[in-house]
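Engineer: I'm passing along run01.txt; it holds compact mmCIF, C-alpha atoms (C1' of nucleotides).
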# COMPACT_ATOMS: atom_id res chain seq x y z
CA MET A 1 103.50 -66.86 118.29
CA PRO A 2 102.05 -63.35 118.22
CA ARG A 3 98.35 -62.97 118.54
CA ARG A 4 96.63 -61.64 115.44
CA PHE A 5 93.40 -59.73 115.01
CA TRP A 6 90.41 -60.02 112.71
CA LEU A 7 87.10 -58.47 111.86
CA MET A 8 84.20 -60.81 111.10
CA LYS A 9 80.96 -59.64 109.54
CA CYS A 10 77.53 -61.04 110.08
CA GLU A 11 74.05 -59.72 109.43
CA PRO A 12 71.98 -59.28 112.61
CA GLU A 13 69.17 -61.32 111.09
CA VAL A 14 71.56 -64.26 111.03
CA TYR A 15 73.56 -63.90 114.24
CA THR A 16 74.37 -61.12 116.70
CA ILE A 17 76.82 -60.47 119.53
CA ALA A 18 73.89 -61.03 121.90
CA ASP A 19 73.42 -64.49 120.40
CA LEU A 20 77.11 -65.16 120.94
CA GLU A 21 76.88 -63.94 124.54
CA ARG A 22 74.01 -66.37 125.09
CA ASP A 23 75.72 -69.28 123.32
CA GLY A 24 79.23 -68.70 124.66
CA ALA A 25 80.73 -69.93 121.39
CA THR A 26 79.62 -70.63 117.85
CA THR A 27 80.86 -72.23 114.65
CA TRP A 28 81.47 -69.64 111.93
CA GLU A 29 80.14 -71.49 108.94
CA GLY A 30 78.89 -70.76 105.44
CA VAL A 31 81.79 -68.63 104.22
CA ARG A 32 81.90 -69.22 100.47
CA ASN A 33 84.57 -66.84 99.30
CA TYR A 34 88.08 -68.08 98.60
CA GLN A 35 89.95 -65.16 100.06
CA ALA A 36 88.01 -65.40 103.32
CA ARG A 37 88.36 -69.20 103.21
CA ASN A 38 92.13 -68.90 103.09
CA LEU A 39 92.13 -66.73 106.20
CA LEU A 40 89.87 -69.15 108.06
CA ARG A 41 91.90 -72.17 106.99
CA ASP A 42 95.44 -70.85 107.23
CA ASP A 43 95.75 -67.77 109.35
CA MET A 44 93.25 -67.64 112.19
CA LYS A 45 94.68 -69.22 115.33
CA VAL A 46 93.34 -70.00 118.78
CA GLY A 47 93.52 -66.88 120.94
CA ASP A 48 93.35 -64.39 118.07
CA GLY A 49 91.13 -61.39 118.75
CA VAL A 50 87.98 -60.71 116.72
CA LEU A 51 85.99 -57.53 116.19
CA PHE A 52 82.39 -58.66 115.75
CA TYR A 53 80.82 -56.55 112.99
CA ALA A 54 77.11 -56.25 112.20
CA SER A 55 76.57 -55.67 108.48
CA ASN A 56 73.34 -54.53 106.85
CA ALA A 57 72.35 -53.14 110.23
CA LEU A 58 71.05 -49.85 111.58
CA PRO A 59 73.71 -48.76 111.99
CA SER A 60 76.26 -51.21 110.69
CA GLY A 61 79.30 -51.39 112.91
CA VAL A 62 81.31 -53.22 115.54
CA THR A 63 79.09 -54.59 118.29
CA GLY A 64 81.59 -56.41 120.47
CA LEU A 65 84.59 -58.68 120.80
CA ALA A 66 85.16 -62.37 120.30
CA LYS A 67 88.16 -64.68 120.08
CA ILE A 68 89.13 -67.71 118.10
CA VAL A 69 88.62 -70.82 120.23
CA ARG A 70 89.12 -73.43 117.49
CA ALA A 71 91.32 -72.90 114.43
CA GLY A 72 90.37 -73.83 110.84
CA PHE A 73 88.51 -77.08 110.24
CA PRO A 74 86.38 -78.23 107.29
CA ASP A 75 82.99 -76.54 107.19
CA PRO A 76 80.53 -79.37 107.93
CA THR A 77 77.64 -77.56 106.24
CA ALA A 78 79.34 -78.00 102.85
CA TRP A 79 78.73 -81.76 103.18
CA LYS A 80 75.08 -81.59 104.13
CA GLU A 81 73.00 -82.31 101.07
CA GLY A 82 70.02 -80.03 100.93
CA HIS A 83 71.61 -77.50 103.28
CA GLU A 84 71.78 -73.99 101.91
CA TYR A 85 75.58 -74.11 102.19
CA PHE A 86 75.90 -77.56 100.59
CA ASP A 87 78.65 -77.76 97.97
CA PRO A 88 79.17 -81.07 96.16
CA ALA A 89 82.70 -79.95 95.22
CA SER A 90 83.73 -80.19 98.87
CA THR A 91 84.51 -83.76 99.93
CA MET A 92 85.71 -85.26 103.18
CA ALA A 93 89.01 -86.13 101.49
CA ALA A 94 89.43 -82.70 99.94
CA PRO A 95 87.38 -80.09 101.78
CA VAL A 96 86.91 -76.82 99.94
CA TRP A 97 85.36 -74.68 102.69
CA TYR A 98 86.50 -74.03 106.23
CA SER A 99 85.11 -72.85 109.53
CA VAL A 100 86.50 -71.63 112.82
CA GLU A 101 84.84 -71.50 116.20
CA ILE A 102 84.65 -68.18 118.01
CA GLY A 103 83.99 -67.53 121.68
CA PHE A 104 82.27 -64.59 123.34
CA VAL A 105 84.50 -61.95 124.92
CA GLU A 106 82.61 -58.72 125.33
CA ARG A 107 79.46 -56.98 124.17
CA PHE A 108 79.69 -53.22 123.65
CA ALA A 109 76.97 -51.11 125.23
CA LEU A 110 76.50 -49.41 121.87
CA THR A 111 77.42 -50.28 118.31
CA ILE A 112 80.47 -48.44 117.02
CA PRO A 113 79.04 -47.30 113.70
CA LEU A 114 80.97 -47.53 110.46
CA ALA A 115 80.80 -43.75 110.20
CA THR A 116 82.62 -43.46 113.54
CA LEU A 117 85.29 -45.90 112.42
CA LYS A 118 85.81 -43.84 109.28
CA ALA A 119 86.10 -40.64 111.31
CA THR A 120 88.47 -42.01 113.95
CA ARG A 121 92.15 -41.20 113.83
CA GLY A 122 94.21 -44.32 113.34
CA LEU A 123 91.49 -46.26 111.53
CA GLY A 124 91.83 -44.60 108.12
CA LYS A 125 93.49 -47.65 106.61
CA MET A 126 91.23 -50.21 108.24
CA MET A 127 89.86 -52.48 105.52
CA VAL A 128 86.23 -52.16 106.54
CA THR A 129 86.41 -48.38 106.13
CA GLN A 130 87.51 -48.66 102.50
CA LYS A 131 84.94 -48.28 99.78
CA GLY A 132 83.73 -51.53 98.30
CA SER A 133 85.28 -53.68 101.01
CA ARG A 134 83.11 -56.79 100.89
CA LEU A 135 85.38 -59.39 102.40
CA SER A 136 83.49 -61.00 105.29
CA VAL A 137 86.62 -61.91 107.24
CA GLN A 138 89.29 -59.24 107.34
CA PRO A 139 92.67 -58.83 108.98
CA VAL A 140 92.93 -55.98 111.47
CA THR A 141 96.10 -54.55 113.01
CA ARG A 142 96.77 -54.66 116.74
CA SER A 143 96.48 -50.90 116.91
CA GLU A 144 93.15 -50.88 115.04
CA TYR A 145 91.85 -53.56 117.39
CA GLN A 146 92.93 -51.57 120.43
CA ILE A 147 91.42 -48.31 119.17
CA VAL A 148 88.08 -49.95 118.41
CA THR A 149 88.10 -51.71 121.78
CA GLN A 150 88.63 -48.39 123.53
CA LEU A 151 85.79 -46.83 121.55
CA GLY A 152 83.56 -49.70 122.58
CA ARG A 153 84.37 -49.31 126.25
CA ALA A 154 84.09 -45.53 126.20
CA THR A 155 80.44 -45.49 125.15
C1' DG B 1 64.59 -50.45 97.52
C1' DC B 2 68.50 -48.58 95.01
C1' DC B 3 72.76 -49.13 93.20
C1' DA B 4 77.94 -49.36 93.17
C1' DA B 5 81.49 -52.55 93.80
C1' DC B 6 83.04 -56.85 93.58
C1' DG B 7 83.44 -62.05 92.63
C1' DT B 8 82.15 -65.81 89.69
C1' DT B 9 80.62 -68.00 85.55
C1' DG B 10 80.74 -69.34 81.00
C1' DG B 11 81.00 -68.47 75.90
C1' DC B 12 84.29 -67.89 72.71
C1' DG C 1 92.72 -66.27 78.73
C1' DC C 2 89.55 -62.50 77.85
C1' DC C 3 85.58 -60.27 79.15
C1' DA C 4 80.52 -59.58 79.33
C1' DA C 5 76.76 -61.10 81.95
C1' DC C 6 75.14 -62.22 86.08
C1' DG C 7 74.59 -62.76 91.16
C1' DT C 8 75.80 -61.06 95.71
C1' DT C 9 77.18 -57.83 99.21
C1' DG C 10 76.30 -54.13 101.86
C1' DG C 11 75.94 -48.99 102.69
C1' DC C 12 72.66 -45.74 102.45
Write the structure described by the file as C-alpha cells, please.
Structural biologist:
Amino acid sequence: MPRRFWLMKCEPEVYTIADLERDGATTWEGVRNYQARNLLRDDMKVGDGVLFYASNALPSGVTGLAKIVRAGFPDPTAWKEGHEYFDPASTMAAPVWYSVEIGFVERFALTIPLATLKATRGLGKMMVTQKGSRLSVQPVTRSEYQIVTQLGRAT
DNA sequence: GCCAACGTTGGC
DNA sequence: GCCAACGTTGGC
C-alpha cells in the first residue's frame, strides 16, 4: 500500500516539534472537526509521512517531520468527564472522535514560513497555502512533501 | 488585537 | 432544509 502524506497543525503554545523530539511520540488528540476526524479515522496509516506545522506562530510554518506510528483509534479525551475535550456524544460503543499517534522524524533547523511555501514553485496548490484553509489535518501530495523536506534540509 | 473565513447551532 | 447568529481558527 502506497505511503501517503499529511500536514498537521498545532499551536506552539500547545505542542512543538521540539516537544515531539523530546517525547519521541505523542497522541494527536482533541481534533473536533468532522472532516479532520474522517482523515484520522479512515485514511492515516502507519508509516505515512507528516509535515509538522506550527500555526499562530512567528512565523507560522513547517517546523519538521513526523510519521504515523499508530493508525486511527478512539480519542480517549472525549470520554474524560471534565476534560476540555470531553464530549458526552462519544461513547465507548460508538466513538465520535479519533486520534492517531505520531512519532518524531526530523526537526528543521529553521521554520519554513507559510510565505515561503506560498512562494515556492510546486506548492501553489498545497492546501495550507490556500486562503481560508483552516483544516487542522490536511492531505499533502508526495511531491509537496518532498519539496518541503528539501526546503527544510537546505536551511 | 483585528478581522476574514469557515463550521456549527438552532429557530423557524 | 434554509439561513442568520454565533464561535473558532489563524494570518497578519
Engineer: Pick out the residues sitting within 12 Å of Leu123 (chain A), and hand them over as a list in words; count only C-alpha atoms (C1' of nucleotides), and ignore anything fewer than 3 positions along from it in its own chain.
Structural biologist: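 Final neighbour list, sorted by chain and number: Leu114, Ala115, Thr116, Leu117, Lys118, Ala119, Thr120, Met126, Met127, Val128, Thr129, Gln130, Val140, Thr141, Arg142, Ser143, Glu144, Tyr145, Gln146, Ile147, Val148 and Leu151 of chain A.
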Engineer: Around the point (77.2, -74.8, 102.5), in the coordinates given by the file, pick out the residues reaching within 8 Å, counting all atoms listed in the file, and return them as a list in words.
Structural biologist: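 Using all atoms listed in the file, the matching residues come out as Glu29, Gly30, Val31, Arg32, Asp75, Pro76, Thr77, Ala78, Trp79, Lys80, His83, Glu84, Tyr85, Phe86 and Asp87 of chain A.
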Engineer: May I have the residues within 6 Å of Val69 (chain A) as a list in words, using all atoms listed in the file and disregarding those fewer than 4 positions away in the same chain?
Structural biologist: Val46, Glu101, Ile102 and Gly103 of chain A
Engineer: How would the residues just picked look written out with C-alpha atoms as a short mmCIF file (atom, residue, chain, number, x, y, z; two decimals), in the frame of the given file?
Structural biologist:
data_model
loop_
_atom_site.label_atom_id
_atom_site.label_comp_id
_atom_site.auth_asym_id
_atom_site.auth_seq_id
_atom_site.Cartn_x
_atom_site.Cartn_y
_atom_site.Cartn_z
CA VAL A 46 93.34 -70.00 118.78
CA GLU A 101 84.84 -71.50 116.20
CA ILE A 102 84.65 -68.18 118.01
CA GLY A 103 83.99 -67.53 121.68
#
Engineer: Distance cut-off 9 Å, counting only C-alpha atoms (C1' of nucleotides) - which residues of chain A neighbour chain C? Return them as a VMD selection string.
Structural biologist: chain A and resid 55 to 56 60 132 134 to 135
Engineer: Write the selection just made, keeping C-alpha atoms, as an mmCIF file, keeping the file's coordinate frame?
Structural biologist:
data_model
loop_
_atom_site.group_PDB
_atom_site.id
_atom_site.type_symbol
_atom_site.label_atom_id
_atom_site.label_comp_id
_atom_site.auth_asym_id
_atom_site.auth_seq_id
_atom_site.Cartn_x
_atom_site.Cartn_y
_atom_site.Cartn_z
ATOM 1 C CA SER A 55 76.570 -55.670 108.480
ATOM 2 C CA ASN A 56 73.340 -54.530 106.850
ATOM 3 C CA SER A 60 76.260 -51.210 110.690
ATOM 4 C CA GLY A 132 83.730 -51.530 98.300
ATOM 5 C CA ARG A 134 83.110 -56.790 100.890
ATOM 6 C CA LEU A 135 85.380 -59.390 102.400
#
Engineer: Could you jot down the CA of Val50 (chain A) to CA of Lys131 (chain A) separation for me, Å, one decimal place?
Structural biologist: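 Answer for the CA of Val50 (chain A) to CA of Lys131 (chain A) separation: 21.2 Å.
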Engineer: Just give me the gap between CA of Arg3 (chain A) and CA of Lys67 (chain A) in Å, one decimal is fine.
Structural biologist: 10.4 Å
Engineer: Set the distance at 6 Å and use all atoms listed in the file: which residues neighbour Leu65 (chain A) once local chain neighbours fewer than 2 positions away are removed? I'd like the list as a ChimeraX atom specification.
Structural biologist: /A:50-52,105-106
Engineer: Mind dumping the selected residues with C-alpha atoms as a PDB file, in the frame of the given file?
Structural biologist:
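Result saved to result_3.pdb:
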ATOM      1  CA  VAL A  50      87.980 -60.710 116.720  1.00  0.00           C
ATOM      2  CA  LEU A  51      85.990 -57.530 116.190  1.00  0.00           C
ATOM      3  CA  PHE A  52      82.390 -58.660 115.750  1.00  0.00           C
ATOM      4  CA  VAL A 105      84.500 -61.950 124.920  1.00  0.00           C
ATOM      5  CA  GLU A 106      82.610 -58.720 125.330  1.00  0.00           C
TER       6      GLU A 106
END
Engineer: So the first atom is CA of Trp97 (chain A) and the second is CA of Asp42 (chain A); what is the distance between them in Å, to one decimal place?
Structural biologist: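 CA of Trp97 (chain A) sits 11.7 Å away from CA of Asp42 (chain A).
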Engineer: Taking (71.0, -63.4, 109.6) in the coordinates of the supplied file, I want to know which residues reach to within 12 Å of it, counting only C-alpha atoms (C1' of nucleotides); could you give the answer as an MDAnalysis selection string?
Structural biologist: chainID A and resid 9:17 19 30 54:57
Engineer: Store the residues picked out above in a file with C-alpha atoms, as a PDB file, in the frame of the given file.
Structural biologist:
ATOM      1  CA  LYS A   9      80.960 -59.640 109.540  1.00  0.00           C
ATOM      2  CA  CYS A  10      77.530 -61.040 110.080  1.00  0.00           C
ATOM      3  CA  GLU A  11      74.050 -59.720 109.430  1.00  0.00           C
ATOM      4  CA  PRO A  12      71.980 -59.280 112.610  1.00  0.00           C
ATOM      5  CA  GLU A  13      69.170 -61.320 111.090  1.00  0.00           C
ATOM      6  CA  VAL A  14      71.560 -64.260 111.030  1.00  0.00           C
ATOM      7  CA  TYR A  15      73.560 -63.900 114.240  1.00  0.00           C
ATOM      8  CA  THR A  16      74.370 -61.120 116.700  1.00  0.00           C
ATOM      9  CA  ILE A  17      76.820 -60.470 119.530  1.00  0.00           C
ATOM     10  CA  ASP A  19      73.420 -64.490 120.400  1.00  0.00           C
ATOM     11  CA  GLY A  30      78.890 -70.760 105.440  1.00  0.00           C
ATOM     12  CA  ALA A  54      77.110 -56.250 112.200  1.00  0.00           C
ATOM     13  CA  SER A  55      76.570 -55.670 108.480  1.00  0.00           C
ATOM     14  CA  ASN A  56      73.340 -54.530 106.850  1.00  0.00           C
ATOM     15  CA  ALA A  57      72.350 -53.140 110.230  1.00  0.00           C
TER      16      ALA A  57
END
